[in-house]
Amino acid sequence: MRKRTFGKRMASWFLSLLFVVTLTNINAVAAQTKPGFSIQFLDVGQADAALVQCDGKYMLIDGGKKSEADEIYAALKEEKVPKLDMVVATHAHEDNVGGLVGAYQYTTADKTLCPVTSFNTQAFQNFAASAKKRGGGITVPKAGSEYSLGSADVTILGLNSGKEVNDTSIVLRIDYGKTSFLFTGDATTTSEQVLLKAGKDLSADVLKVACHGSADSTSKEFLSEVSPSYAVISVGENTDGHPTKELLDRLKAQKVKLFRTDWQGDIRCTSDGNKVSFTISKNADADVFNPARPSLKSNSSAAKSTSSSAAKTSKPASSANQAASTASAADTTDTQGSMVWIPQSGSKYHSNSGCSNMKNPSQVPLERAIANGYTACKKCY
């Protein structure tokens with residue numbers, strides 16, 4: 001009798017253990033096979049950073065300045081990125097590689113692509129050391145190299161096309177189903193001419209505009225060849241006049257739907273393989289073709305989300321975004337009179353002026369920061 005009871009207990013224990021292990025494996029597989037395709041253009045000020053996800057695989061293209069390392073870390077944490085399958089540093093400038101150390105602090109990467117393996121700045125050296133330790137070391141790709149990211153294809157169209165650092169930029173295209181996305185780093189018209197003369201297929205639905213909207217990039221000829229329906233400019237506080245009126249006029253003449261991180265914060269682009277949609281963080285009605293940059297004195301509406309698609313139809317805000325908007329309104333009511341710190345560029349408000357190595361931050365009422373689309377820094381709050 002005792003042997004039978006013991007045997008039944010062992011069988012029951014084994015089945016329970018098998019169930020737990022199976023359920024754990026199912027959850028792990030589900031996490032790794034997150035369906036669909038998305039790009040999150042992160043608001044990192046006068047810098048570049050974009051997180052690409054396809055079928056649970058992740059690629060980070062640039063990481064902003066070193067002062068944005070905490071924001072990059074927080075963005076990966078918020079997205080619950082298990083690991084990065086690829087990191088692409090389009091070129092060696094600090095506003096592209098500086099914040100990548102935050103990505104490597106959060107997780108590892110299978111491979112790291114960059115047009116050079118050395119550059120005489122501390123920011124690059126810190127990036128290279130982190131890549132060596134946590135990102136498989138730096139690999140210099142060749143034009144024509146192809147990589148897979150889930151069911152998306154990543155093609156290196158060109159790099160090291162000129163002597164200037166901006167013209168070393170990796171230019172890559174991502175194809176997902178019938179939709180495509182072109183990233184050009186800070187490539188100038190010099191690089192564009194090399195690509196045009198090589199007869200590369202540059203067509204794309206979405207163009208990440210080069211060099212924060214510089215007049216010396218995204219020429220009329222290049223823009224005509226790409227023929228994008230949408231364009232994104234990553235830009236912040238600067239003394240270079242970015243984005244320039246010349247560039248904005250070219251995009252407007254081409255009837256391109258434009259998004260800007262300085263006006264609209266983080267910008268999320270999604271694709272179902274047939275059409276592309278966008279969701280923005282704030283200022284849905286911003287005049288994005290106005291060269292002027294936003295300020296806290298602006299009366300622009302602080303809409304939390306908006307969407308558009310290849311079919312030119314609007315989509316309602318998601319329940320998550322509606323909840324965020326409701327939460328922001330509640331914060332305003334509960335914290336009248338509270339003061340917070342905001343940076344010259346970026347989209348987060350902070351409880352202290354020393355957070356995230358902010359330079360010359362401004363102190364403003366919390367309700368005013370919220371009304372202008374700022375959200376709480378995850379490190380402070």
# chains A, B, ... in the order shown; residues from 1 in each chain; ligands from 1
>>> select_by_dssp(residues="stretch 123-202 of chain A", states="helix (DSSP H, G or I)", output="MDAnalysis selection string")
chainID A and resid 123:134 165:168 189:197
>>> residues_around(residues="A:Gly213", least_positions_apart="5", cutoff="7 Å", atoms="only C-alpha atoms", output="compact mmCIF listing (two decimals) with N, CA and C atoms, in the first residue's frame")
# COMPACT_ATOMS: atom_id res chain seq x y z
N ILE A 233 12.28 63.18 -39.09
CA ILE A 233 13.47 63.95 -38.77
C ILE A 233 13.71 63.86 -37.26
N HIS A 242 18.72 73.52 -37.95
CA HIS A 242 18.05 72.28 -38.36
C HIS A 242 16.67 72.19 -37.72
N PRO A 243 15.69 71.72 -38.47
CA PRO A 243 15.75 71.40 -39.91
C PRO A 243 15.66 72.68 -40.73
N THR A 244 16.36 72.70 -41.85
CA THR A 244 16.42 73.92 -42.66
C THR A 244 15.16 74.08 -43.51
N LEU A 247 15.32 72.14 -46.86
CA LEU A 247 14.99 70.72 -46.77
C LEU A 247 13.49 70.52 -46.58
>>> residues_around(residues="A:Ser130", least_positions_apart="6", cutoff="12 Å", atoms="only C-alpha atoms", output="PyMOL selection string")
chain A and resi 87+97-109+111-112+123-124+136-138
>>> atom_distance(atom1="atom CA of A:Ser145", atom2="atom CA of A:Glu79")
27.9 Å
>>> closest_residue(among="A:Ala47, A:Cys54, A:Cys114, A:Ile267", to="A:Asp85", atoms="only C-alpha atoms")
A:Cys54
>>> residues_around(residues="A:Gly273", least_positions_apart="3", cutoff="7 Å", atoms="only C-alpha atoms", output="NGL selection string")
:A and (176-179)
>>> atom_distance(atom1="atom CA of A:Met59", atom2="atom CA of A:Val44")
17.0 Å
>>> atom_distance(atom1="atom CA of A:Ile342", atom2="atom CA of A:Phe41")
20.1 Å
>>> closest_residue(among="A:Thr375, A:Thr168, A:Ser217, A:Gln46", to="A:Thr261", atoms="only C-alpha atoms")
A:Gln46
>>> closest_residue(among="A:Asp175, A:Asp272, A:Asp167, A:Glu94", to="A:Ala204", atoms="only C-alpha atoms")
A:Asp175
>>> closest_residue(among="A:Met86, A:Ala143, A:Val364, A:Ala376", to="A:Gln53", atoms="only C-alpha atoms")
A:Met86
>>> closest_residue(among="A:Ala92, A:Ser351, A:Lys252, A:Arg134", to="A:Thr117", atoms="only C-alpha atoms")
A:Ala92
>>> closest_residue(among="A:Glu164, A:Glu192, A:Asp110, A:Asp285", to="A:Leu258", atoms="only C-alpha atoms")
A:Asp285
>>> residues_around(residues="A:Gly158", least_positions_apart="3", cutoff="7 Å", atoms="only C-alpha atoms", output="PDB file with all heavy atoms, in the first residue's frame")
ATOM      1  N   ALA A 143      29.154  46.984 -48.640  1.00  0.00           N
ATOM      2  CA  ALA A 143      27.965  47.350 -49.405  1.00  0.00           C
ATOM      3  C   ALA A 143      27.416  46.094 -50.061  1.00  0.00           C
ATOM      4  O   ALA A 143      28.158  45.322 -50.680  1.00  0.00           O
ATOM      5  CB  ALA A 143      28.310  48.397 -50.455  1.00  0.00           C
ATOM      6  N   ILE A 170      26.752  54.500 -42.694  1.00  0.00           N
ATOM      7  CA  ILE A 170      26.089  53.312 -43.224  1.00  0.00           C
ATOM      8  C   ILE A 170      24.690  53.705 -43.690  1.00  0.00           C
ATOM      9  O   ILE A 170      23.916  54.298 -42.931  1.00  0.00           O
ATOM     10  CB  ILE A 170      25.981  52.212 -42.152  1.00  0.00           C
ATOM     11  CG1 ILE A 170      27.370  51.660 -41.809  1.00  0.00           C
ATOM     12  CG2 ILE A 170      25.054  51.083 -42.611  1.00  0.00           C
ATOM     13  CD1 ILE A 170      27.374  50.647 -40.667  1.00  0.00           C
ATOM     14  N   VAL A 171      24.382  53.411 -44.931  1.00  0.00           N
ATOM     15  CA  VAL A 171      23.042  53.612 -45.475  1.00  0.00           C
ATOM     16  C   VAL A 171      22.417  52.227 -45.634  1.00  0.00           C
ATOM     17  O   VAL A 171      23.004  51.362 -46.289  1.00  0.00           O
ATOM     18  CB  VAL A 171      23.081  54.350 -46.829  1.00  0.00           C
ATOM     19  CG1 VAL A 171      21.676  54.488 -47.413  1.00  0.00           C
ATOM     20  CG2 VAL A 171      23.736  55.724 -46.669  1.00  0.00           C
ATOM     21  N   LEU A 195      25.473  56.645 -54.348  1.00  0.00           N
ATOM     22  CA  LEU A 195      24.398  55.662 -54.377  1.00  0.00           C
ATOM     23  C   LEU A 195      23.597  55.759 -55.669  1.00  0.00           C
ATOM     24  O   LEU A 195      23.244  54.739 -56.277  1.00  0.00           O
ATOM     25  CB  LEU A 195      23.472  55.870 -53.178  1.00  0.00           C
ATOM     26  CG  LEU A 195      24.059  55.550 -51.803  1.00  0.00           C
ATOM     27  CD1 LEU A 195      23.151  56.090 -50.707  1.00  0.00           C
ATOM     28  CD2 LEU A 195      24.260  54.052 -51.623  1.00  0.00           C
TER      29      LEU A 195
END
>>> residues_around(residues="A:Gly265", least_positions_apart="3", cutoff="8 Å", atoms="only C-alpha atoms", output="list of chain:residue names")
A:Leu42, A:Asp43, A:Arg260, A:Thr261, A:Asp262, A:Ile280, A:Ser281, A:Lys282, A:Gly346, A:Ser347, A:Gly373
>>> residues_around(residues="A:Gly199", least_positions_apart="3", cutoff="12 Å", atoms="only C-alpha atoms", output="PyMOL selection string")
chain A and resi 157-158+192-196+202-203+222+225-226
>>> select_by_dssp(residues="stretch 104-265 of chain A", states="strand (DSSP E)", output="PyMOL selection string")
chain A and resi 112-113+138-139+146-149+152-158+171-176+179-183+206-208+230-233+257-260
